[in-house]
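Trainee: Before anything else, here's the structure in question.
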Amino acid sequence: MSYLKTTFLFLLLATNCFSQDTSLSEINRLTQKAAKYLLKDKSLSTYYSISANGISIYETPENKISNKPEFHVALHQLDDFKMYLENSGSKELMEMYKTGNFQNHIQKVIVAEGNSGPINEKKLQGKKIAIDPGHIAGNMEMGDIEKKCLTFKCTGPDGVVDSIVIAEGMLTLATAQLLKEKLEKEGAEVFMTRTFSNGSAFGVTLDDWLKTDYTKTVDSLCKVGKISLSQKQFFSGTKPTKRDKFRVIFKDVELAKRAEIINNYKPDLTVVIHYNVDETNTGWVKPANKNFNMTFVGGAFMKNDLSTPEKRFEFLRMLVTDDVENSIALSSAVVKSFEKNLNVKTATVKDAEYLSEGCLTAAPGVYCRNLQLTRYIHGPLVYGETLYQDNVNECILLNKETDKTKNPRVQQVAEAYFQGIMSYVLASGPNGN
Ligand SMILES: [Zn+2]
């Protein structure tokens, strides 16, 4: 977005310039989009309405029946609303949402002008890209706290027994560092949510965070009702283990921090990097045979997923903006590149239970899934899940090298992300999203 000059224009809007045909086709388009990408649980349609009057969001299904919307935007204001959503900060957006309508904001619309400067040689010049290396662990102690590590013995094709010692956070950070270098070579500006081994999105390790921020976080989570008073008492005492503190207090606030710093950076696109495992190989104490690639984008809201104003606002944002469509295009390009570069198949919906139970299929290997990060990160995103780390061949490849940036398989994964991103950016044109 840095290549765009943003200016505030106070617009005098001609109302009712919307023809009946346009409104009908827009109502149909939005209704179909919600059904196709956003609603895993179809009963959630009781929380919103799309009609000639516009889009309304309701706090409860009862409020829909009595026509008391929590938020309303008229159909003829949708283009301005979309522009406002794409150019405003998360905090400002939530404040606007809580006013109940877009009426008072319509005169202050940010208009983005295309870059009229010279065309640059480098293909990603002027692009801002955020990378989120999943998890934290740079060693097995932290990997065990996160329960995102593998330790088992595996016999390789040469008959040699390998001791597998992998924490997912080591692989994601190395992949992110390699990808960052490649993107910067093409002129992109790159932001990473965490930058060092065991480092979190708070810029410190879990141990340091526990010393400085833990107590006040427990207090504020209790104040906003996210933990109960008895939980507050338990977590303020000496009984909880480091794993308890990580799981109940740290994990969600750290994920929220990742989304917050990404949204503040206002990237043109975001890459969330994860490595997968076979979910049926529980405990991950032995190798398994499955190996797939897949990607996630926002959508597929399920029961209780519209329970707070924040969640309902993100639903509305996904409905009105092109974030979901752009994320599907980006993720499609990346997952194709995974299959080509890594020689591992793209997962179909029957290859994992969570794909059929918790997702909607958007394109081959691209699944709408309402994860904390796919929900709260604004703009186009790809949430990549490459390679099953517990696969009998993959674990031996990923186990090589202590410095994972030197691991050939990790280098292939970074190259696969890079090629996928390049093909998406080139397909969306010089000033495309
Ligand atoms: Zn992961």
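FYI, nothing fancy with the structure tokens labels: chains A, B, ... in order, residues from 1 per chain, ligands from 1 as they appear.
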Ligand 1: which residues are within 8 Å, counting only C-alpha atoms and all ligand atoms? Reply as a PyMOL selection string.
Mentor: chain A and resi 134-135+148+168-169+273-276+385
Trainee: Using only C-alpha atoms, which residues sit within 9 Å of A:Cys154 once same-chain residues fewer than 6 positions away are excluded, as a PyMOL selection string?
Mentor: chain A and resi 160-164+286-287+392-393+395-396
Trainee: Which one is closest to A:Asp244: A:Leu178, A:Ile145, A:Ala201, A:Leu85? Count only C-alpha atoms.
Mentor: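 Checking each of A:Leu178, A:Ile145, A:Ala201, A:Leu85 against A:Asp244, counting only C-alpha atoms, the winner is A:Ile145.
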Trainee: Quick one: of A:Leu75, A:Val165, A:Glu59, A:Tyr84, who's nearest to A:Lys400, counting only C-alpha atoms?
Mentor: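 Nearest candidate to A:Lys400 out of A:Leu75, A:Val165, A:Glu59, A:Tyr84: A:Val165.
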Trainee: Extract the full set of strand (DSSP E or B) residues from stretch 141-196 of chain A according to DSSP on the backbone, and format it as JSON, numbers by chain.
Mentor: {"A": [149, 150, 151, 152, 153, 154, 155, 161, 162, 163, 164, 165, 166, 167, 189, 190, 191, 192]}
Trainee: Keeping only N, CA, C and O atoms, write the selected residues as a PDB file, in the first residue's frame.
Mentor:
ATOM      1  N   CYS A 149       6.156 -30.094  18.964  1.00  0.00           N
ATOM      2  CA  CYS A 149       7.477 -30.660  18.688  1.00  0.00           C
ATOM      3  C   CYS A 149       7.383 -32.167  18.530  1.00  0.00           C
ATOM      4  O   CYS A 149       6.405 -32.790  18.941  1.00  0.00           O
ATOM      5  N   LEU A 150       8.380 -32.718  17.891  1.00  0.00           N
ATOM      6  CA  LEU A 150       8.431 -34.158  17.638  1.00  0.00           C
ATOM      7  C   LEU A 150       9.729 -34.711  18.206  1.00  0.00           C
ATOM      8  O   LEU A 150      10.799 -34.150  17.944  1.00  0.00           O
ATOM      9  N   THR A 151       9.643 -35.793  18.985  1.00  0.00           N
ATOM     10  CA  THR A 151      10.848 -36.521  19.397  1.00  0.00           C
ATOM     11  C   THR A 151      10.540 -38.004  19.299  1.00  0.00           C
ATOM     12  O   THR A 151       9.719 -38.513  20.053  1.00  0.00           O
ATOM     13  N   PHE A 152      11.129 -38.653  18.309  1.00  0.00           N
ATOM     14  CA  PHE A 152      10.992 -40.109  18.174  1.00  0.00           C
ATOM     15  C   PHE A 152      12.115 -40.642  17.291  1.00  0.00           C
ATOM     16  O   PHE A 152      12.869 -39.871  16.703  1.00  0.00           O
ATOM     17  N   LYS A 153      12.192 -41.945  17.219  1.00  0.00           N
ATOM     18  CA  LYS A 153      13.208 -42.581  16.365  1.00  0.00           C
ATOM     19  C   LYS A 153      12.549 -42.962  15.046  1.00  0.00           C
ATOM     20  O   LYS A 153      11.387 -43.376  15.009  1.00  0.00           O
ATOM     21  N   CYS A 154      13.295 -42.812  13.960  1.00  0.00           N
ATOM     22  CA  CYS A 154      12.750 -43.165  12.651  1.00  0.00           C
ATOM     23  C   CYS A 154      13.842 -43.794  11.791  1.00  0.00           C
ATOM     24  O   CYS A 154      14.961 -43.270  11.730  1.00  0.00           O
ATOM     25  N   THR A 155      13.507 -44.913  11.163  1.00  0.00           N
ATOM     26  CA  THR A 155      14.480 -45.574  10.302  1.00  0.00           C
ATOM     27  C   THR A 155      14.348 -45.026   8.886  1.00  0.00           C
ATOM     28  O   THR A 155      13.274 -45.074   8.293  1.00  0.00           O
ATOM     29  N   VAL A 161      18.987 -45.476  11.720  1.00  0.00           N
ATOM     30  CA  VAL A 161      17.967 -44.960  12.646  1.00  0.00           C
ATOM     31  C   VAL A 161      18.332 -43.525  13.042  1.00  0.00           C
ATOM     32  O   VAL A 161      19.435 -43.259  13.505  1.00  0.00           O
ATOM     33  N   ASP A 162      17.387 -42.645  12.819  1.00  0.00           N
ATOM     34  CA  ASP A 162      17.591 -41.224  13.126  1.00  0.00           C
ATOM     35  C   ASP A 162      16.813 -40.862  14.384  1.00  0.00           C
ATOM     36  O   ASP A 162      15.695 -41.316  14.570  1.00  0.00           O
ATOM     37  N   SER A 163      17.415 -40.035  15.264  1.00  0.00           N
ATOM     38  CA  SER A 163      16.644 -39.481  16.386  1.00  0.00           C
ATOM     39  C   SER A 163      16.060 -38.160  15.924  1.00  0.00           C
ATOM     40  O   SER A 163      16.774 -37.197  15.702  1.00  0.00           O
ATOM     41  N   ILE A 164      14.735 -38.154  15.771  1.00  0.00           N
ATOM     42  CA  ILE A 164      14.068 -36.945  15.261  1.00  0.00           C
ATOM     43  C   ILE A 164      13.830 -35.973  16.421  1.00  0.00           C
ATOM     44  O   ILE A 164      13.236 -36.338  17.434  1.00  0.00           O
ATOM     45  N   VAL A 165      14.305 -34.759  16.256  1.00  0.00           N
ATOM     46  CA  VAL A 165      14.117 -33.702  17.258  1.00  0.00           C
ATOM     47  C   VAL A 165      13.759 -32.423  16.494  1.00  0.00           C
ATOM     48  O   VAL A 165      14.618 -31.729  15.975  1.00  0.00           O
ATOM     49  N   ILE A 166      12.464 -32.151  16.394  1.00  0.00           N
ATOM     50  CA  ILE A 166      12.017 -30.985  15.621  1.00  0.00           C
ATOM     51  C   ILE A 166      10.974 -30.201  16.415  1.00  0.00           C
ATOM     52  O   ILE A 166      10.022 -30.785  16.935  1.00  0.00           O
ATOM     53  N   ALA A 167      11.138 -28.882  16.508  1.00  0.00           N
ATOM     54  CA  ALA A 167      10.060 -28.019  17.008  1.00  0.00           C
ATOM     55  C   ALA A 167       9.587 -27.204  15.808  1.00  0.00           C
ATOM     56  O   ALA A 167      10.401 -26.669  15.058  1.00  0.00           O
ATOM     57  N   GLU A 189       9.154  -4.599   0.808  1.00  0.00           N
ATOM     58  CA  GLU A 189       9.469  -4.271   2.200  1.00  0.00           C
ATOM     59  C   GLU A 189       8.796  -5.361   3.035  1.00  0.00           C
ATOM     60  O   GLU A 189       7.613  -5.642   2.830  1.00  0.00           O
ATOM     61  N   VAL A 190       9.561  -5.996   3.916  1.00  0.00           N
ATOM     62  CA  VAL A 190       9.028  -7.164   4.630  1.00  0.00           C
ATOM     63  C   VAL A 190       9.035  -6.938   6.137  1.00  0.00           C
ATOM     64  O   VAL A 190      10.009  -6.441   6.699  1.00  0.00           O
ATOM     65  N   PHE A 191       7.923  -7.298   6.771  1.00  0.00           N
ATOM     66  CA  PHE A 191       7.789  -7.198   8.225  1.00  0.00           C
ATOM     67  C   PHE A 191       7.553  -8.598   8.778  1.00  0.00           C
ATOM     68  O   PHE A 191       6.732  -9.346   8.255  1.00  0.00           O
ATOM     69  N   MET A 192       8.296  -8.960   9.837  1.00  0.00           N
ATOM     70  CA  MET A 192       8.072 -10.257  10.479  1.00  0.00           C
ATOM     71  C   MET A 192       7.526 -10.069  11.891  1.00  0.00           C
ATOM     72  O   MET A 192       8.002  -9.211  12.625  1.00  0.00           O
TER      73      MET A 192
END
Trainee: Just asking: which residues within stretch 343-385 of chain A are helix (DSSP H, G or I) according to DSSP, as a count of residues only?
Mentor: 14
Trainee: Closest to A:Glu184 among A:Ser45, A:Gln125, A:Asn28, A:Asn67, using only C-alpha atoms?
Mentor: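 Checking each of A:Ser45, A:Gln125, A:Asn28, A:Asn67 against A:Glu184, counting only C-alpha atoms, the winner is A:Gln125.
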Trainee: For stretch 321-337 of chain A, work out the shell of residues within 9 Å, counting only C-alpha atoms and skipping chain neighbours fewer than 6 positions away, then give it as a PyMOL selection string.
Mentor: chain A and resi 37+81-83+85-86+269+293-299+346+362-368+378-384+386+415-425+433
Trainee: I want to know what sits within 9 Å of stretch 246-256 of chain A, based on only C-alpha atoms, with residues of the same chain fewer than 2 positions away left out; could you give that as a compact mmCIF listing (two decimals) with all heavy atoms, in the first residue's frame?
Mentor:
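The new file part.txt reads:
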# COMPACT_ATOMS: atom_id res chain seq x y z
N ILE A 145 6.39 -27.00 25.76
CA ILE A 145 5.38 -26.12 26.37
C ILE A 145 4.26 -25.85 25.35
O ILE A 145 3.08 -25.88 25.68
CB ILE A 145 6.03 -24.81 26.87
CG1 ILE A 145 6.90 -25.11 28.09
CG2 ILE A 145 4.98 -23.75 27.20
CD1 ILE A 145 7.78 -23.98 28.52
N GLU A 146 4.65 -25.61 24.10
CA GLU A 146 3.65 -25.34 23.05
C GLU A 146 2.95 -26.62 22.58
O GLU A 146 1.94 -26.55 21.89
CB GLU A 146 4.32 -24.74 21.81
CG GLU A 146 4.87 -23.36 21.98
CD GLU A 146 5.37 -22.81 20.65
OE1 GLU A 146 6.36 -23.36 20.11
OE2 GLU A 146 4.78 -21.84 20.15
N SER A 200 8.69 -14.03 20.69
CA SER A 200 7.25 -13.98 20.42
C SER A 200 6.90 -12.68 19.71
O SER A 200 7.77 -11.84 19.48
CB SER A 200 6.49 -14.05 21.74
OG SER A 200 6.67 -12.84 22.46
N ALA A 201 5.62 -12.49 19.41
CA ALA A 201 5.17 -11.24 18.77
C ALA A 201 5.28 -10.04 19.72
O ALA A 201 5.15 -8.90 19.30
CB ALA A 201 3.74 -11.39 18.28
N PHE A 202 5.52 -10.30 21.01
CA PHE A 202 5.75 -9.20 21.96
C PHE A 202 7.20 -8.72 21.90
O PHE A 202 7.57 -7.80 22.64
CB PHE A 202 5.41 -9.65 23.39
CG PHE A 202 3.95 -9.94 23.60
CD1 PHE A 202 3.51 -11.24 23.86
CD2 PHE A 202 3.00 -8.93 23.51
CE1 PHE A 202 2.16 -11.51 24.04
CE2 PHE A 202 1.65 -9.19 23.69
CZ PHE A 202 1.23 -10.48 23.96
N LEU A 206 8.93 -16.10 26.02
CA LEU A 206 7.86 -16.37 26.99
C LEU A 206 8.34 -16.09 28.41
O LEU A 206 7.63 -15.47 29.20
CB LEU A 206 7.39 -17.84 26.86
CG LEU A 206 6.39 -18.32 27.91
CD1 LEU A 206 5.06 -17.58 27.81
CD2 LEU A 206 6.15 -19.83 27.79
N TRP A 209 8.38 -12.45 29.08
CA TRP A 209 7.00 -11.94 29.13
C TRP A 209 6.35 -12.29 30.47
O TRP A 209 5.62 -11.49 31.04
CB TRP A 209 6.20 -12.53 27.97
CG TRP A 209 4.80 -12.00 27.87
CD1 TRP A 209 4.39 -10.88 27.20
CD2 TRP A 209 3.63 -12.56 28.47
NE1 TRP A 209 3.04 -10.71 27.35
CE2 TRP A 209 2.54 -11.73 28.12
CE3 TRP A 209 3.38 -13.68 29.27
CZ2 TRP A 209 1.23 -11.98 28.54
CZ3 TRP A 209 2.08 -13.93 29.69
CH2 TRP A 209 1.02 -13.09 29.33
N LEU A 210 6.64 -13.52 30.96
CA LEU A 210 6.05 -13.94 32.24
C LEU A 210 6.53 -13.01 33.37
O LEU A 210 5.77 -12.70 34.28
CB LEU A 210 6.42 -15.40 32.55
CG LEU A 210 5.72 -16.45 31.67
CD1 LEU A 210 6.27 -17.84 31.95
CD2 LEU A 210 4.20 -16.43 31.87
N TYR A 214 2.89 -10.78 32.61
CA TYR A 214 1.94 -11.83 32.98
C TYR A 214 0.87 -11.34 33.96
O TYR A 214 -0.34 -11.45 33.69
CB TYR A 214 2.70 -13.04 33.55
CG TYR A 214 1.82 -14.13 34.07
CD1 TYR A 214 1.11 -14.95 33.21
CD2 TYR A 214 1.67 -14.34 35.45
CE1 TYR A 214 0.28 -15.96 33.69
CE2 TYR A 214 0.85 -15.34 35.94
CZ TYR A 214 0.16 -16.14 35.06
OH TYR A 214 -0.65 -17.13 35.54
N THR A 217 -1.65 -8.94 32.60
CA THR A 217 -2.51 -9.58 31.60
C THR A 217 -3.59 -10.41 32.28
O THR A 217 -4.76 -10.37 31.86
CB THR A 217 -1.67 -10.46 30.63
OG1 THR A 217 -0.64 -9.64 30.08
CG2 THR A 217 -2.52 -11.04 29.52
N VAL A 218 -3.23 -11.15 33.33
CA VAL A 218 -4.22 -11.93 34.09
C VAL A 218 -5.31 -10.99 34.61
O VAL A 218 -6.51 -11.24 34.46
CB VAL A 218 -3.55 -12.70 35.26
CG1 VAL A 218 -4.60 -13.31 36.20
CG2 VAL A 218 -2.63 -13.80 34.73
N LEU A 221 -7.49 -9.68 31.63
CA LEU A 221 -8.36 -10.72 31.07
C LEU A 221 -9.58 -10.96 31.97
O LEU A 221 -10.68 -11.21 31.50
CB LEU A 221 -7.59 -12.03 30.88
CG LEU A 221 -6.58 -12.09 29.72
CD1 LEU A 221 -5.85 -13.43 29.69
CD2 LEU A 221 -7.26 -11.84 28.37
N ILE A 227 -11.48 -14.46 31.52
CA ILE A 227 -11.28 -15.52 32.51
C ILE A 227 -12.13 -15.16 33.74
O ILE A 227 -12.42 -13.99 33.98
CB ILE A 227 -9.78 -15.73 32.90
CG1 ILE A 227 -9.16 -14.44 33.48
CG2 ILE A 227 -8.96 -16.25 31.74
CD1 ILE A 227 -7.79 -14.66 34.12
N PHE A 235 -4.49 -18.47 38.64
CA PHE A 235 -3.34 -18.07 37.83
C PHE A 235 -2.46 -17.01 38.51
O PHE A 235 -1.35 -16.76 38.08
CB PHE A 235 -3.79 -17.62 36.43
CG PHE A 235 -4.08 -18.79 35.54
CD1 PHE A 235 -5.39 -19.23 35.34
CD2 PHE A 235 -3.05 -19.51 34.95
CE1 PHE A 235 -5.65 -20.34 34.56
CE2 PHE A 235 -3.30 -20.62 34.17
CZ PHE A 235 -4.61 -21.04 33.97
N THR A 241 1.49 -24.30 36.17
CA THR A 241 2.81 -24.57 35.57
C THR A 241 3.03 -23.57 34.43
O THR A 241 2.10 -22.86 34.02
CB THR A 241 2.84 -25.99 34.96
OG1 THR A 241 1.83 -26.03 33.93
CG2 THR A 241 2.54 -27.05 36.00
N LYS A 242 4.24 -23.58 33.90
CA LYS A 242 4.54 -22.68 32.78
C LYS A 242 3.65 -23.05 31.58
O LYS A 242 3.17 -22.18 30.86
CB LYS A 242 6.02 -22.81 32.40
CG LYS A 242 6.54 -21.55 31.70
CD LYS A 242 7.83 -21.79 30.97
CE LYS A 242 9.04 -21.63 31.86
NZ LYS A 242 10.30 -21.67 31.04
N ARG A 243 3.41 -24.35 31.42
CA ARG A 243 2.52 -24.80 30.33
C ARG A 243 1.09 -24.27 30.52
O ARG A 243 0.46 -23.82 29.57
CB ARG A 243 2.55 -26.33 30.26
CG ARG A 243 1.38 -26.97 29.57
CD ARG A 243 1.69 -27.49 28.17
NE ARG A 243 0.46 -27.99 27.54
CZ ARG A 243 -0.05 -27.52 26.42
NH1 ARG A 243 0.56 -26.56 25.75
NH2 ARG A 243 -1.16 -28.03 25.92
N ASP A 244 0.58 -24.29 31.78
CA ASP A 244 -0.76 -23.75 32.07
C ASP A 244 -0.81 -22.27 31.70
O ASP A 244 -1.76 -21.81 31.07
CB ASP A 244 -1.10 -23.84 33.57
CG ASP A 244 -1.25 -25.28 34.06
OD1 ASP A 244 -1.62 -26.14 33.23
OD2 ASP A 244 -0.98 -25.53 35.25
N ARG A 258 -0.15 -10.72 17.21
CA ARG A 258 0.32 -10.93 15.82
C ARG A 258 -0.60 -10.22 14.84
O ARG A 258 -0.15 -9.50 13.96
CB ARG A 258 0.37 -12.44 15.50
CG ARG A 258 1.46 -13.17 16.27
CD ARG A 258 1.52 -14.65 15.89
NE ARG A 258 2.34 -15.36 16.86
CZ ARG A 258 3.33 -16.21 16.57
NH1 ARG A 258 3.63 -16.49 15.33
NH2 ARG A 258 4.02 -16.80 17.53
N ALA A 259 -1.92 -10.43 15.00
CA ALA A 259 -2.89 -9.79 14.10
C ALA A 259 -2.79 -8.26 14.22
O ALA A 259 -2.80 -7.55 13.22
CB ALA A 259 -4.29 -10.26 14.42
N GLU A 260 -2.67 -7.77 15.46
CA GLU A 260 -2.62 -6.32 15.69
C GLU A 260 -1.41 -5.68 15.00
O GLU A 260 -1.55 -4.68 14.28
CB GLU A 260 -2.56 -6.06 17.20
CG GLU A 260 -2.55 -4.59 17.60
CD GLU A 260 -2.11 -4.40 19.05
OE1 GLU A 260 -2.53 -5.18 19.93
OE2 GLU A 260 -1.34 -3.45 19.31
N ILE A 261 -0.23 -6.27 15.15
CA ILE A 261 0.96 -5.62 14.56
C ILE A 261 0.97 -5.78 13.03
O ILE A 261 1.46 -4.90 12.34
CB ILE A 261 2.30 -6.06 15.23
CG1 ILE A 261 2.52 -7.57 15.14
CG2 ILE A 261 2.36 -5.59 16.67
CD1 ILE A 261 3.82 -8.04 15.82
N GLN A 372 -8.15 -17.88 14.48
CA GLN A 372 -7.97 -16.54 15.05
C GLN A 372 -7.25 -15.60 14.06
O GLN A 372 -7.65 -14.45 13.89
CB GLN A 372 -7.18 -16.64 16.36
CG GLN A 372 -7.39 -15.44 17.26
CD GLN A 372 -6.81 -15.67 18.66
OE1 GLN A 372 -6.74 -16.79 19.14
NE2 GLN A 372 -6.39 -14.61 19.31
N LEU A 373 -6.22 -16.10 13.40
CA LEU A 373 -5.47 -15.23 12.48
C LEU A 373 -6.16 -15.02 11.14
O LEU A 373 -6.11 -13.93 10.59
CB LEU A 373 -4.05 -15.77 12.26
CG LEU A 373 -3.11 -15.65 13.45
CD1 LEU A 373 -1.69 -16.02 13.06
CD2 LEU A 373 -3.11 -14.26 14.08
N TYR A 376 -8.82 -12.28 12.05
CA TYR A 376 -8.47 -10.92 12.46
C TYR A 376 -7.46 -10.20 11.56
O TYR A 376 -7.32 -8.98 11.65
CB TYR A 376 -7.97 -10.90 13.91
CG TYR A 376 -9.08 -11.14 14.91
CD1 TYR A 376 -9.04 -12.21 15.80
CD2 TYR A 376 -10.18 -10.29 14.94
CE1 TYR A 376 -10.08 -12.43 16.71
CE2 TYR A 376 -11.22 -10.51 15.84
CZ TYR A 376 -11.16 -11.58 16.71
OH TYR A 376 -12.19 -11.80 17.60
Trainee: Extract, using only C-alpha atoms, all DNA, RNA and protein residues at most 12 Å from A:Thr195, discarding same-chain residues fewer than 6 positions from it, and format them as a list of chain:residue names.
Mentor: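 The neighbour list is A:Ile131, A:Asp132, A:Pro133, A:Gly134, A:His135, A:Ile136, A:Ala137, A:Gly138, A:Gly169, A:Met170, A:Thr172, A:Leu173, A:Ala174, A:Thr175, A:Ala176, A:Gln177, A:Leu178, A:Lys180, A:Ala201, A:Phe202, A:Gly203, A:Val204, A:Thr205.
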Trainee: In Å, rounded to a single decimal, give me how far atom CA of A:Leu39 is from atom CA of A:Glu353.
Mentor: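 Rounded to one decimal, the two atoms are 18.1 Å apart.
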Trainee: Nearest to A:Asn139 among A:Asn370, A:Ser428, A:Gln233, A:Asn198, with distances taken over only C-alpha atoms: which residue is it?
Mentor: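 Nearest candidate to A:Asn139 out of A:Asn370, A:Ser428, A:Gln233, A:Asn198: A:Asn198.
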Trainee: Between atom CA of A:Asn341 and atom CA of A:Val272, what is the distance in Å, rounded to a tenth?
Mentor: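 Spanning atom CA of A:Asn341 to atom CA of A:Val272 is a straight-line distance of 18.4 Å.
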Trainee: Counting only C-alpha atoms, figure out which residue out of A:Ser228, A:Ser90, A:Gln32, A:Asn263 gets nearest to A:Ile377.
Mentor: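 Of the candidates, the smallest distance to A:Ile377 is held by A:Asn263.
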Trainee: Neighbouring residues of A:Leu24 were defined as those with any atom within 12 Å, considering only C-alpha atoms; residues of the same chain fewer than 3 positions away were excluded. Please report them as a PyMOL selection string.
Mentor: chain A and resi 18-21+27-31+50-54+75-76
Trainee: Output N, CA and C atoms for every residue in that selection, as a PDB file, in the first residue's frame.
Mentor:
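Saved file part.pdb follows:
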ATOM      1  N   PHE A  18     -28.233   4.412  -7.178  1.00  0.00           N
ATOM      2  CA  PHE A  18     -28.171   2.966  -7.326  1.00  0.00           C
ATOM      3  C   PHE A  18     -29.428   2.481  -8.046  1.00  0.00           C
ATOM      4  N   SER A  19     -29.299   1.848  -9.196  1.00  0.00           N
ATOM      5  CA  SER A  19     -30.495   1.390  -9.896  1.00  0.00           C
ATOM      6  C   SER A  19     -31.014   0.112  -9.253  1.00  0.00           C
ATOM      7  N   GLN A  20     -32.254  -0.214  -9.550  1.00  0.00           N
ATOM      8  CA  GLN A  20     -32.872  -1.392  -8.942  1.00  0.00           C
ATOM      9  C   GLN A  20     -32.162  -2.679  -9.371  1.00  0.00           C
ATOM     10  N   ASP A  21     -31.753  -2.710 -10.678  1.00  0.00           N
ATOM     11  CA  ASP A  21     -31.054  -3.891 -11.197  1.00  0.00           C
ATOM     12  C   ASP A  21     -29.743  -4.119 -10.467  1.00  0.00           C
ATOM     13  N   ILE A  27     -27.343  -7.739  -4.094  1.00  0.00           N
ATOM     14  CA  ILE A  27     -27.940  -8.541  -3.008  1.00  0.00           C
ATOM     15  C   ILE A  27     -27.676 -10.030  -3.260  1.00  0.00           C
ATOM     16  N   ASN A  28     -27.878 -10.440  -4.521  1.00  0.00           N
ATOM     17  CA  ASN A  28     -27.638 -11.857  -4.866  1.00  0.00           C
ATOM     18  C   ASN A  28     -26.183 -12.240  -4.674  1.00  0.00           C
ATOM     19  N   ARG A  29     -25.287 -11.354  -5.127  1.00  0.00           N
ATOM     20  CA  ARG A  29     -23.846 -11.653  -5.045  1.00  0.00           C
ATOM     21  C   ARG A  29     -23.431 -11.820  -3.581  1.00  0.00           C
ATOM     22  N   LEU A  30     -23.850 -10.898  -2.723  1.00  0.00           N
ATOM     23  CA  LEU A  30     -23.454 -10.946  -1.311  1.00  0.00           C
ATOM     24  C   LEU A  30     -24.084 -12.140  -0.597  1.00  0.00           C
ATOM     25  N   THR A  31     -25.339 -12.444  -0.936  1.00  0.00           N
ATOM     26  CA  THR A  31     -26.013 -13.589  -0.309  1.00  0.00           C
ATOM     27  C   THR A  31     -25.292 -14.888  -0.666  1.00  0.00           C
ATOM     28  N   ILE A  50     -29.410  -9.177   4.264  1.00  0.00           N
ATOM     29  CA  ILE A  50     -28.962  -8.443   3.082  1.00  0.00           C
ATOM     30  C   ILE A  50     -30.219  -8.188   2.253  1.00  0.00           C
ATOM     31  N   SER A  51     -30.576  -6.919   2.101  1.00  0.00           N
ATOM     32  CA  SER A  51     -31.813  -6.610   1.365  1.00  0.00           C
ATOM     33  C   SER A  51     -31.637  -5.279   0.648  1.00  0.00           C
ATOM     34  N   ALA A  52     -32.699  -4.826  -0.010  1.00  0.00           N
ATOM     35  CA  ALA A  52     -32.652  -3.540  -0.725  1.00  0.00           C
ATOM     36  C   ALA A  52     -32.324  -2.396   0.238  1.00  0.00           C
ATOM     37  N   ASN A  53     -32.584  -2.595   1.524  1.00  0.00           N
ATOM     38  CA  ASN A  53     -32.253  -1.555   2.525  1.00  0.00           C
ATOM     39  C   ASN A  53     -30.764  -1.502   2.826  1.00  0.00           C
ATOM     40  N   GLY A  54     -30.079  -2.615   2.603  1.00  0.00           N
ATOM     41  CA  GLY A  54     -28.654  -2.662   2.912  1.00  0.00           C
ATOM     42  C   GLY A  54     -28.298  -3.897   3.719  1.00  0.00           C
ATOM     43  N   LEU A  75     -27.088  -0.029   0.917  1.00  0.00           N
ATOM     44  CA  LEU A  75     -26.459  -0.607  -0.291  1.00  0.00           C
ATOM     45  C   LEU A  75     -25.717   0.447  -1.099  1.00  0.00           C
ATOM     46  N   HIS A  76     -26.291   1.658  -1.233  1.00  0.00           N
ATOM     47  CA  HIS A  76     -25.624   2.661  -2.058  1.00  0.00           C
ATOM     48  C   HIS A  76     -24.363   3.227  -1.398  1.00  0.00           C
TER      49      HIS A  76
END
